[in-house]
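K.L.:
This is input00.txt, which holds compact mmCIF, C-alpha atoms:
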# COMPACT_ATOMS: atom_id res chain seq x y z
CA MET A 1 -13.64 -18.54 22.94
CA LEU A 2 -10.68 -20.30 21.36
CA HIS A 3 -11.06 -17.92 18.44
CA LEU A 4 -10.71 -14.91 20.72
CA ILE A 5 -7.70 -16.39 22.50
CA LEU A 6 -5.93 -17.07 19.19
CA PHE A 7 -6.81 -13.57 17.95
CA LEU A 8 -5.39 -11.97 21.09
CA PHE A 9 -2.25 -14.12 20.99
CA PHE A 10 -1.34 -13.32 17.40
CA GLY A 11 -2.51 -9.72 17.78
CA ALA A 12 -0.13 -9.32 20.73
CA ILE A 13 2.73 -10.65 18.60
CA CYS A 14 1.76 -8.19 15.86
CA VAL A 15 1.73 -5.18 18.15
CA ALA A 16 4.93 -6.24 19.93
CA GLY A 17 6.70 -6.63 16.60
CA ALA A 18 5.46 -3.27 15.35
CA VAL A 19 6.59 -1.52 18.54
CA ASN A 20 9.92 -3.34 18.39
CA LEU A 21 10.38 -2.06 14.84
CA LEU A 22 10.14 1.48 16.20
CA VAL A 23 12.39 0.92 19.20
CA GLN A 24 15.28 -0.90 17.54
CA SER A 25 18.03 1.28 16.17
CA HIS A 26 19.61 -1.28 13.87
CA PRO A 27 17.73 -1.86 10.59
CA ILE A 28 18.36 -5.61 10.63
CA ASN A 29 16.50 -5.95 13.94
CA SER A 30 13.65 -3.83 12.57
CA ALA A 31 13.41 -6.05 9.49
CA LEU A 32 13.32 -9.23 11.57
CA SER A 33 10.55 -7.87 13.79
CA LEU A 34 8.63 -6.86 10.67
CA ILE A 35 8.85 -10.49 9.52
CA ALA A 36 7.30 -11.51 12.87
CA VAL A 37 4.48 -8.99 12.31
CA MET A 38 3.76 -10.33 8.83
CA ALA A 39 3.83 -13.99 9.88
CA SER A 40 1.39 -13.40 12.71
CA LEU A 41 -0.81 -11.34 10.38
CA ALA A 42 -1.00 -14.43 8.17
CA ALA A 43 -2.35 -16.31 11.19
CA GLU A 44 -4.96 -13.58 11.66
CA TYR A 45 -6.01 -13.98 8.03
CA LEU A 46 -6.45 -17.71 8.61
CA LEU A 47 -8.66 -16.92 11.60
CA LEU A 48 -10.79 -14.79 9.27
CA GLY A 49 -11.08 -17.70 6.85
CA ALA A 50 -8.92 -16.09 4.16
CA GLU A 51 -6.80 -19.07 3.19
CA PHE A 52 -5.38 -17.73 -0.07
CA VAL A 53 -4.49 -14.34 1.36
CA ALA A 54 -2.68 -15.98 4.28
CA ALA A 55 -0.59 -18.10 1.92
CA VAL A 56 0.24 -15.13 -0.28
CA GLN A 57 1.08 -13.07 2.78
CA VAL A 58 3.69 -15.61 3.85
CA ILE A 59 5.07 -16.23 0.36
CA VAL A 60 5.14 -12.68 -1.00
CA TYR A 61 5.43 -10.45 2.06
CA ALA A 62 7.33 -12.47 4.65
CA GLY A 63 9.22 -14.30 1.93
CA ALA A 64 10.02 -12.23 -1.11
CA ILE A 65 9.70 -8.62 0.02
CA MET A 66 11.45 -9.04 3.36
CA VAL A 67 14.29 -11.02 1.78
CA LEU A 68 14.72 -8.10 -0.63
CA PHE A 69 14.90 -5.76 2.36
CA LEU A 70 17.43 -7.93 4.19
CA ILE A 71 19.60 -8.23 1.09
CA THR A 72 19.61 -4.45 0.67
CA ILE A 73 20.48 -3.87 4.32
CA MET A 74 23.38 -6.31 4.11
CA LEU A 75 24.51 -4.98 0.72
CA LEU A 76 24.66 -1.39 1.93
CA ASN A 77 26.12 -2.46 5.27
CA ALA A 78 23.64 -0.26 7.13
CA GLY A 79 24.77 0.40 10.68
CA LYS A 80 23.10 1.97 13.69
CA GLU A 81 21.05 4.98 12.76
CA GLU A 82 22.22 8.29 14.11
CA ARG A 83 19.87 10.53 16.04
CA SER A 84 19.44 14.05 14.83
CA LYS A 85 17.54 17.16 15.82
CA GLY A 86 14.70 16.49 13.42
CA SER A 87 14.07 13.05 14.84
CA ARG A 88 13.86 14.40 18.40
CA VAL A 89 11.21 16.92 17.35
CA ALA A 90 9.34 14.21 15.45
CA THR A 91 9.40 11.97 18.52
CA LEU A 92 8.15 14.73 20.80
CA VAL A 93 5.27 15.62 18.49
CA GLY A 94 4.60 12.28 16.81
CA VAL A 95 4.37 9.88 19.76
CA PRO A 96 1.65 11.77 21.67
CA GLY A 97 -0.20 12.66 18.47
CA VAL A 98 -0.36 9.12 17.14
CA THR A 99 -1.20 7.75 20.60
CA ILE A 100 -4.12 10.16 20.96
CA GLY A 101 -5.31 9.27 17.46
CA ALA A 102 -5.08 5.53 18.13
CA VAL A 103 -6.96 5.83 21.44
CA LEU A 104 -9.71 7.89 19.79
CA VAL A 105 -10.13 5.40 16.95
CA ALA A 106 -10.11 2.43 19.32
CA TRP A 107 -12.64 4.10 21.65
CA THR A 108 -14.99 4.87 18.77
CA LEU A 109 -14.74 1.40 17.29
CA ILE A 110 -15.07 -0.52 20.56
CA GLY A 111 -18.15 1.58 21.37
CA ARG A 112 -20.07 0.28 18.35
CA ARG A 113 -19.23 -3.40 18.49
CA SER A 114 -20.66 -5.48 15.70
CA THR A 115 -19.66 -9.09 15.64
CA THR A 116 -18.27 -10.67 12.51
CA HIS A 117 -20.16 -13.58 11.05
CA SER A 118 -18.84 -16.58 12.87
CA VAL A 119 -15.98 -18.08 10.91
CA THR A 120 -15.41 -21.37 12.62
CA ILE A 121 -11.82 -22.48 12.78
CA GLY A 122 -11.07 -24.66 9.78
CA ALA A 123 -13.87 -23.18 7.63
CA LEU A 124 -11.82 -21.49 4.94
CA TRP A 125 -14.17 -19.77 2.56
CA GLY A 126 -11.49 -17.69 0.83
CA ALA A 127 -10.24 -20.76 -1.02
CA PRO A 128 -7.98 -20.30 -4.05
CA ASN A 129 -10.56 -21.54 -6.56
CA ASN A 130 -13.13 -18.96 -5.41
CA ILE A 131 -10.54 -16.20 -5.58
CA ALA A 132 -9.37 -17.36 -9.00
CA ARG A 133 -12.92 -17.30 -10.36
CA LEU A 134 -13.29 -13.72 -9.21
CA LEU A 135 -9.82 -12.72 -10.37
CA PHE A 136 -10.15 -14.09 -13.90
CA HIS A 137 -13.76 -13.04 -14.44
CA ASP A 138 -14.65 -9.81 -12.70
CA PHE A 139 -11.17 -8.42 -12.17
CA LEU A 140 -9.57 -9.64 -15.38
CA LEU A 141 -8.60 -6.21 -16.69
CA PRO A 142 -6.99 -4.99 -13.43
CA PHE A 143 -5.20 -8.31 -13.18
CA GLU A 144 -3.72 -7.90 -16.64
CA VAL A 145 -2.82 -4.28 -15.95
CA THR A 146 -0.84 -5.34 -12.87
CA SER A 147 1.35 -7.50 -15.10
CA VAL A 148 2.27 -4.38 -17.06
CA LEU A 149 2.94 -2.62 -13.75
CA ILE A 150 5.29 -5.39 -12.64
CA LEU A 151 7.11 -5.23 -15.98
CA ILE A 152 7.57 -1.48 -15.65
CA ALA A 153 8.78 -1.91 -12.06
CA ILE A 154 11.37 -4.49 -13.13
CA MET A 155 12.66 -2.25 -15.92
CA GLY A 156 12.69 0.75 -13.60
CA ALA A 157 14.71 -1.12 -10.98
CA VAL A 158 17.23 -2.28 -13.57
CA VAL A 159 17.62 1.22 -15.02
CA LEU A 160 17.94 2.81 -11.58
CA VAL A 161 20.72 0.58 -10.29
CA SER A 162 22.70 0.36 -13.52
CA ARG A 163 25.73 2.64 -13.46
CA PRO A 164 25.52 5.54 -15.93
CA GLU A 165 28.92 4.86 -17.54
CA ALA A 166 27.85 1.27 -18.20
CA VAL A 167 24.74 2.52 -19.98
CA ALA A 168 26.73 5.02 -22.06
CA ARG A 169 29.30 2.39 -23.04
CA GLY A 170 26.63 0.01 -24.24
CA PRO A 171 26.75 -3.77 -24.01
CA ARG A 172 30.17 -5.20 -23.34
CA LYS A 173 31.90 -6.57 -26.42
CA ASP A 174 34.47 -8.85 -24.80
CA GLY A 175 33.26 -12.04 -23.19
CA MET B 1 -16.59 -14.92 18.22
CA VAL B 2 -14.35 -11.95 17.68
CA PRO B 3 -16.04 -8.59 17.01
CA LEU B 4 -15.14 -6.80 13.81
CA SER B 5 -14.04 -3.79 15.82
CA TYR B 6 -11.19 -5.75 17.42
CA TYR B 7 -9.73 -6.46 14.01
CA LEU B 8 -10.14 -2.82 13.03
CA VAL B 9 -8.44 -1.66 16.22
CA LEU B 10 -5.52 -4.00 15.55
CA SER B 11 -5.23 -2.71 12.01
CA GLY B 12 -5.41 0.87 13.30
CA ILE B 13 -2.60 0.17 15.78
CA LEU B 14 -0.43 -1.30 13.03
CA PHE B 15 -1.13 1.69 10.79
CA GLY B 16 -0.34 4.07 13.66
CA CYS B 17 2.97 2.31 14.32
CA GLY B 18 3.75 2.68 10.63
CA VAL B 19 3.02 6.40 10.68
CA LEU B 20 5.11 6.81 13.82
CA GLY B 21 8.03 4.93 12.29
CA PHE B 22 7.76 7.07 9.19
CA LEU B 23 8.01 10.18 11.35
CA ILE B 24 10.68 9.29 13.90
CA LYS B 25 13.03 7.01 11.99
CA ARG B 26 16.01 8.51 10.22
CA ASN B 27 17.27 5.47 8.34
CA ILE B 28 15.78 5.44 4.84
CA ILE B 29 15.38 1.64 4.83
CA THR B 30 13.50 1.65 8.13
CA ILE B 31 11.23 4.39 6.81
CA PHE B 32 10.47 2.17 3.85
CA MET B 33 9.69 -0.73 6.19
CA SER B 34 7.25 1.53 8.07
CA ILE B 35 5.38 2.07 4.80
CA GLU B 36 5.10 -1.70 4.42
CA LEU B 37 3.71 -1.86 7.95
CA MET B 38 1.03 0.69 7.03
CA LEU B 39 0.07 -1.36 3.96
CA ASN B 40 -0.23 -4.45 6.16
CA GLY B 41 -2.54 -2.64 8.55
CA VAL B 42 -4.81 -1.64 5.67
CA ASN B 43 -4.78 -5.20 4.34
CA LEU B 44 -5.99 -6.51 7.67
CA SER B 45 -9.01 -4.21 7.65
CA PHE B 46 -9.76 -5.25 4.05
CA VAL B 47 -9.82 -8.92 5.03
CA ALA B 48 -11.85 -8.20 8.17
CA PHE B 49 -14.53 -6.38 6.17
CA ALA B 50 -14.49 -9.15 3.57
CA ALA B 51 -15.22 -11.64 6.35
CA GLN B 52 -17.94 -9.38 7.75
CA TRP B 53 -19.92 -9.18 4.51
CA HIS B 54 -18.79 -12.46 2.95
CA ALA B 55 -17.55 -10.53 -0.06
CA LEU B 56 -14.55 -12.12 -1.66
CA SER B 57 -13.66 -8.99 -3.63
CA GLY B 58 -12.07 -7.60 -0.46
CA GLN B 59 -9.52 -10.39 -0.60
CA VAL B 60 -8.89 -9.72 -4.28
CA PHE B 61 -8.14 -6.13 -3.34
CA VAL B 62 -5.61 -7.36 -0.79
CA PHE B 63 -4.00 -9.35 -3.59
CA PHE B 64 -3.71 -6.18 -5.70
CA VAL B 65 -2.30 -4.23 -2.77
CA MET B 66 0.36 -6.90 -2.34
CA VAL B 67 1.26 -6.74 -6.04
CA VAL B 68 1.62 -2.98 -5.90
CA ALA B 69 3.65 -3.26 -2.69
CA ALA B 70 6.01 -5.73 -4.35
CA ALA B 71 6.53 -3.43 -7.34
CA GLU B 72 6.97 -0.45 -5.01
CA THR B 73 9.57 -2.33 -2.97
CA ALA B 74 11.59 -3.28 -6.05
CA VAL B 75 11.70 0.29 -7.35
CA GLY B 76 12.15 1.84 -3.89
CA LEU B 77 15.10 -0.34 -2.94
CA ALA B 78 16.69 0.42 -6.33
CA ILE B 79 16.30 4.13 -5.57
CA ILE B 80 17.83 3.60 -2.11
CA ILE B 81 20.84 1.83 -3.64
CA ALA B 82 21.24 4.64 -6.18
CA VAL B 83 21.06 7.25 -3.38
CA TYR B 84 23.63 5.35 -1.34
CA ARG B 85 26.00 5.21 -4.29
CA THR B 86 25.98 8.98 -4.79
CA ARG B 87 25.69 10.20 -1.15
CA GLU B 88 27.24 7.30 0.79
CA THR B 89 24.71 7.77 3.56
CA LEU B 90 21.33 6.31 4.48
CA ASN B 91 20.36 9.14 6.82
CA VAL B 92 17.47 11.10 5.31
CA ASP B 93 18.60 14.31 7.03
CA ARG B 94 21.76 14.27 4.94
CA VAL B 95 19.86 13.71 1.71
CA ASN B 96 18.63 17.27 1.33
CA LEU B 97 19.96 18.32 -2.04
CA LEU B 98 18.39 17.45 -5.37
CA LYS B 99 21.64 17.97 -7.24
CA LEU B 100 25.12 17.16 -6.01
Re-express the file's structure as structure tokens.

P.N.:
Amino acid sequence: MLHLILFLFFGAICVAGAVNLLVQSHPINSALSLIAVMASLAAEYLLLGAEFVAAVQVIVYAGAIMVLFLITIMLLNAGKEERSKGSRVATLVGVPGVTIGAVLVAWTLIGRRSTTHSVTIGALWGAPNNIARLLFHDFLLPFEVTSVLILIAIMGAVVLVSRPEAVARGPRKDG
Amino acid sequence: MVPLSYYLVLSGILFGCGVLGFLIKRNIITIFMSIELMLNGVNLSFVAFAAQWHALSGQVFVFFVMVVAAAETAVGLAIIIAVYRTRETLNVDRVNLLKL
């Protein structure tokens, strides 16, 4: 029972944050509500017994990625977004379409209710050592490939934001 | 005990909000945040299924999704900064030419 109450509480925060992201017109407010969504999703992961994923969710998503977003918003001094004709059409078509889709999916899923294996609160079976054993044994090759991916992403980001004249001029000679 | 379907419905709602934000938002940064919201919705269903079948590989997949999302964010925000430097706008309706 407590499990269900906690699920509903954090789920309500999730949905409220996601809806707030859509409603707000200033990107900073959207980013802050997205942080609320990610933090409460970490609580949901803990309820499912996924300890490691919850920690990584807070550190990587709510920490690193959202800080990157906030820095970009402040750097570019992004103001209120302006409404245009395309967005009005998208609202008129998109809101009913997505609502109908969500209701259909929810109706289908609630109809065939299968309970999850009971994860009692405090029983964290997704502990870091179990994950690490899987990650460095079965998924060793994908894990190593992601390091190459990260390297390429870093180089790509550096190349994209460097100004073309700076690249053409080469490294600066004077100190 | 919480049924699996509740978790799936929550993840579906989050994914739907992401799709909606992708469609109706005009600020390129907010569109990017909607994509992150979609990824989070998918992650939740991964973890829920991992709990259902006691298979830890679902959580490893979430880890990989997060890694790819981090790389995607780094490159995407770099692209946004580059776009802003050349166009001086963040509105996607104004970014409609490949070449200036």

K.L.:
Please report as JSON lines every residue of chain B lying within 8 Å of chain A, along with the nearest atom pair and their distance in Å (one decimal), using only C-alpha atoms.

P.N.:
{"residue": "B:Met1", "atom": "CA", "partner": "A:Ser118", "partner_atom": "CA", "distance": 6.0}
{"residue": "B:Val2", "atom": "CA", "partner": "A:Leu4", "partner_atom": "CA", "distance": 5.6}
{"residue": "B:Pro3", "atom": "CA", "partner": "A:Thr115", "partner_atom": "CA", "distance": 3.9}
{"residue": "B:Leu4", "atom": "CA", "partner": "A:Thr116", "partner_atom": "CA", "distance": 5.1}
{"residue": "B:Ser5", "atom": "CA", "partner": "A:Leu109", "partner_atom": "CA", "distance": 5.4}
{"residue": "B:Tyr6", "atom": "CA", "partner": "A:Ile110", "partner_atom": "CA", "distance": 7.2}
{"residue": "B:Leu8", "atom": "CA", "partner": "A:Leu109", "partner_atom": "CA", "distance": 7.6}
{"residue": "B:Val9", "atom": "CA", "partner": "A:Ala106", "partner_atom": "CA", "distance": 5.4}
{"residue": "B:Leu10", "atom": "CA", "partner": "A:Gly11", "partner_atom": "CA", "distance": 6.8}
{"residue": "B:Gly12", "atom": "CA", "partner": "A:Ala102", "partner_atom": "CA", "distance": 6.7}
{"residue": "B:Ile13", "atom": "CA", "partner": "A:Ala102", "partner_atom": "CA", "distance": 6.4}
{"residue": "B:Leu14", "atom": "CA", "partner": "A:Ala18", "partner_atom": "CA", "distance": 6.6}
{"residue": "B:Gly16", "atom": "CA", "partner": "A:Val98", "partner_atom": "CA", "distance": 6.1}
{"residue": "B:Cys17", "atom": "CA", "partner": "A:Ala18", "partner_atom": "CA", "distance": 6.2}
{"residue": "B:Gly18", "atom": "CA", "partner": "A:Ala18", "partner_atom": "CA", "distance": 7.8}
{"residue": "B:Val19", "atom": "CA", "partner": "A:Val98", "partner_atom": "CA", "distance": 7.8}
{"residue": "B:Leu20", "atom": "CA", "partner": "A:Gly94", "partner_atom": "CA", "distance": 6.3}
{"residue": "B:Gly21", "atom": "CA", "partner": "A:Leu22", "partner_atom": "CA", "distance": 5.6}
{"residue": "B:Leu23", "atom": "CA", "partner": "A:Ala90", "partner_atom": "CA", "distance": 5.9}
{"residue": "B:Ile24", "atom": "CA", "partner": "A:Ser87", "partner_atom": "CA", "distance": 5.1}
{"residue": "B:Lys25", "atom": "CA", "partner": "A:Ser87", "partner_atom": "CA", "distance": 6.8}
{"residue": "B:Arg26", "atom": "CA", "partner": "A:Glu81", "partner_atom": "CA", "distance": 6.7}
{"residue": "B:Asn27", "atom": "CA", "partner": "A:Glu81", "partner_atom": "CA", "distance": 5.8}
{"residue": "B:Ile29", "atom": "CA", "partner": "A:Pro27", "partner_atom": "CA", "distance": 7.1}
{"residue": "B:Thr30", "atom": "CA", "partner": "A:Pro27", "partner_atom": "CA", "distance": 6.0}
{"residue": "B:Met33", "atom": "CA", "partner": "A:Ala31", "partner_atom": "CA", "distance": 7.3}
{"residue": "B:Leu37", "atom": "CA", "partner": "A:Leu34", "partner_atom": "CA", "distance": 7.5}
{"residue": "B:Asn40", "atom": "CA", "partner": "A:Met38", "partner_atom": "CA", "distance": 7.6}
{"residue": "B:Leu44", "atom": "CA", "partner": "A:Tyr45", "partner_atom": "CA", "distance": 7.5}
{"residue": "B:Val47", "atom": "CA", "partner": "A:Tyr45", "partner_atom": "CA", "distance": 7.0}
{"residue": "B:Ala48", "atom": "CA", "partner": "A:Leu48", "partner_atom": "CA", "distance": 6.8}
{"residue": "B:Ala51", "atom": "CA", "partner": "A:Leu48", "partner_atom": "CA", "distance": 6.2}
{"residue": "B:Gln52", "atom": "CA", "partner": "A:Thr116", "partner_atom": "CA", "distance": 4.9}
{"residue": "B:Trp53", "atom": "CA", "partner": "A:His117", "partner_atom": "CA", "distance": 7.9}
{"residue": "B:Leu56", "atom": "CA", "partner": "A:Gly126", "partner_atom": "CA", "distance": 6.8}
{"residue": "B:Ser57", "atom": "CA", "partner": "A:Leu134", "partner_atom": "CA", "distance": 7.3}
{"residue": "B:Gln59", "atom": "CA", "partner": "A:Val53", "partner_atom": "CA", "distance": 6.7}
{"residue": "B:Val60", "atom": "CA", "partner": "A:Ile131", "partner_atom": "CA", "distance": 6.8}
{"residue": "B:Val62", "atom": "CA", "partner": "A:Val53", "partner_atom": "CA", "distance": 7.4}
{"residue": "B:Phe63", "atom": "CA", "partner": "A:Val53", "partner_atom": "CA", "distance": 7.0}
{"residue": "B:Phe64", "atom": "CA", "partner": "A:Thr146", "partner_atom": "CA", "distance": 7.8}
{"residue": "B:Met66", "atom": "CA", "partner": "A:Tyr61", "partner_atom": "CA", "distance": 7.6}
{"residue": "B:Val67", "atom": "CA", "partner": "A:Thr146", "partner_atom": "CA", "distance": 7.3}
{"residue": "B:Val68", "atom": "CA", "partner": "A:Thr146", "partner_atom": "CA", "distance": 7.8}
{"residue": "B:Ala70", "atom": "CA", "partner": "A:Ile65", "partner_atom": "CA", "distance": 6.4}
{"residue": "B:Ala71", "atom": "CA", "partner": "A:Ala153", "partner_atom": "CA", "distance": 5.4}
{"residue": "B:Glu72", "atom": "CA", "partner": "A:Ala153", "partner_atom": "CA", "distance": 7.4}
{"residue": "B:Thr73", "atom": "CA", "partner": "A:Ile65", "partner_atom": "CA", "distance": 7.0}
{"residue": "B:Ala74", "atom": "CA", "partner": "A:Ala157", "partner_atom": "CA", "distance": 6.2}
{"residue": "B:Val75", "atom": "CA", "partner": "A:Ala157", "partner_atom": "CA", "distance": 4.9}
{"residue": "B:Leu77", "atom": "CA", "partner": "A:Thr72", "partner_atom": "CA", "distance": 7.1}
{"residue": "B:Ala78", "atom": "CA", "partner": "A:Ala157", "partner_atom": "CA", "distance": 5.3}
{"residue": "B:Ile79", "atom": "CA", "partner": "A:Leu160", "partner_atom": "CA", "distance": 6.4}
{"residue": "B:Ile81", "atom": "CA", "partner": "A:Val161", "partner_atom": "CA", "distance": 6.8}
{"residue": "B:Ala82", "atom": "CA", "partner": "A:Val161", "partner_atom": "CA", "distance": 5.8}
{"residue": "B:Tyr84", "atom": "CA", "partner": "A:Leu76", "partner_atom": "CA", "distance": 7.6}
{"residue": "B:Leu90", "atom": "CA", "partner": "A:Ala78", "partner_atom": "CA", "distance": 7.5}
{"residue": "B:Asn91", "atom": "CA", "partner": "A:Glu81", "partner_atom": "CA", "distance": 7.3}
{"residue": "B:Asp93", "atom": "CA", "partner": "A:Gly86", "partner_atom": "CA", "distance": 7.8}

K.L.:
Please dump the current selection as a compact mmCIF listing (two decimals), keeping the file's coordinate frame; keep C-alpha atoms.

P.N.:
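Final output, saved to selection.txt:
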# COMPACT_ATOMS: atom_id res chain seq x y z
CA MET B 1 -16.59 -14.92 18.22
CA VAL B 2 -14.35 -11.95 17.68
CA PRO B 3 -16.04 -8.59 17.01
CA LEU B 4 -15.14 -6.80 13.81
CA SER B 5 -14.04 -3.79 15.82
CA TYR B 6 -11.19 -5.75 17.42
CA LEU B 8 -10.14 -2.82 13.03
CA VAL B 9 -8.44 -1.66 16.22
CA LEU B 10 -5.52 -4.00 15.55
CA GLY B 12 -5.41 0.87 13.30
CA ILE B 13 -2.60 0.17 15.78
CA LEU B 14 -0.43 -1.30 13.03
CA GLY B 16 -0.34 4.07 13.66
CA CYS B 17 2.97 2.31 14.32
CA GLY B 18 3.75 2.68 10.63
CA VAL B 19 3.02 6.40 10.68
CA LEU B 20 5.11 6.81 13.82
CA GLY B 21 8.03 4.93 12.29
CA LEU B 23 8.01 10.18 11.35
CA ILE B 24 10.68 9.29 13.90
CA LYS B 25 13.03 7.01 11.99
CA ARG B 26 16.01 8.51 10.22
CA ASN B 27 17.27 5.47 8.34
CA ILE B 29 15.38 1.64 4.83
CA THR B 30 13.50 1.65 8.13
CA MET B 33 9.69 -0.73 6.19
CA LEU B 37 3.71 -1.86 7.95
CA ASN B 40 -0.23 -4.45 6.16
CA LEU B 44 -5.99 -6.51 7.67
CA VAL B 47 -9.82 -8.92 5.03
CA ALA B 48 -11.85 -8.20 8.17
CA ALA B 51 -15.22 -11.64 6.35
CA GLN B 52 -17.94 -9.38 7.75
CA TRP B 53 -19.92 -9.18 4.51
CA LEU B 56 -14.55 -12.12 -1.66
CA SER B 57 -13.66 -8.99 -3.63
CA GLN B 59 -9.52 -10.39 -0.60
CA VAL B 60 -8.89 -9.72 -4.28
CA VAL B 62 -5.61 -7.36 -0.79
CA PHE B 63 -4.00 -9.35 -3.59
CA PHE B 64 -3.71 -6.18 -5.70
CA MET B 66 0.36 -6.90 -2.34
CA VAL B 67 1.26 -6.74 -6.04
CA VAL B 68 1.62 -2.98 -5.90
CA ALA B 70 6.01 -5.73 -4.35
CA ALA B 71 6.53 -3.43 -7.34
CA GLU B 72 6.97 -0.45 -5.01
CA THR B 73 9.57 -2.33 -2.97
CA ALA B 74 11.59 -3.28 -6.05
CA VAL B 75 11.70 0.29 -7.35
CA LEU B 77 15.10 -0.34 -2.94
CA ALA B 78 16.69 0.42 -6.33
CA ILE B 79 16.30 4.13 -5.57
CA ILE B 81 20.84 1.83 -3.64
CA ALA B 82 21.24 4.64 -6.18
CA TYR B 84 23.63 5.35 -1.34
CA LEU B 90 21.33 6.31 4.48
CA ASN B 91 20.36 9.14 6.82
CA ASP B 93 18.60 14.31 7.03

K.L.:
Measuring atom to atom with all atoms listed in the file, identify which of B:Val92, B:Ala55, B:Thr86, B:Asn43 is nearest to Ile28 of chain B.

P.N.:
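So, comparing all the options, the nearest one is B:Val92.
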
K.L.:
Just the number, please: distance in Å from atom CA of Ala55 of chain A to atom CA of Val65 of chain B, one decimal.

P.N.:
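Taking atom CA of Ala55 of chain A as the start and atom CA of Val65 of chain B as the end point, the length is 14.7 Å.
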
K.L.:
By how many Å are atom CA of Phe15 of chain B and atom CA of Glu36 of chain B apart?

P.N.:
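Taking atom CA of Phe15 of chain B as the start and atom CA of Glu36 of chain B as the end point, the length is 9.5 Å.
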
K.L.:
One number please: atom CA of Gly63 of chain A to atom CA of Ala39 of chain A, in Å, one decimal.

P.N.:
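Answer for the atom CA of Gly63 of chain A to atom CA of Ala39 of chain A separation: 9.6 Å.
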
K.L.:
Go ahead and fit an axis-aligned box to every listed atom of segment 84-87 of chain B plus 5 Å each side, and pass me the centre and edge lengths in Å, one decimal, as AutoDock Vina command-line options.

P.N.:
--center_x 24.8 --center_y 7.7 --center_z -3.0 --size_x 12.4 --size_y 15.0 --size_z 13.6

K.L.:
Would you mind telling me which residue in A:Ala54, A:Ile100, A:Leu46, A:Ala62 lies nearest to Ser33 of chain A when using only C-alpha atoms?

P.N.:
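So, comparing all the options, the nearest one is A:Ala62.
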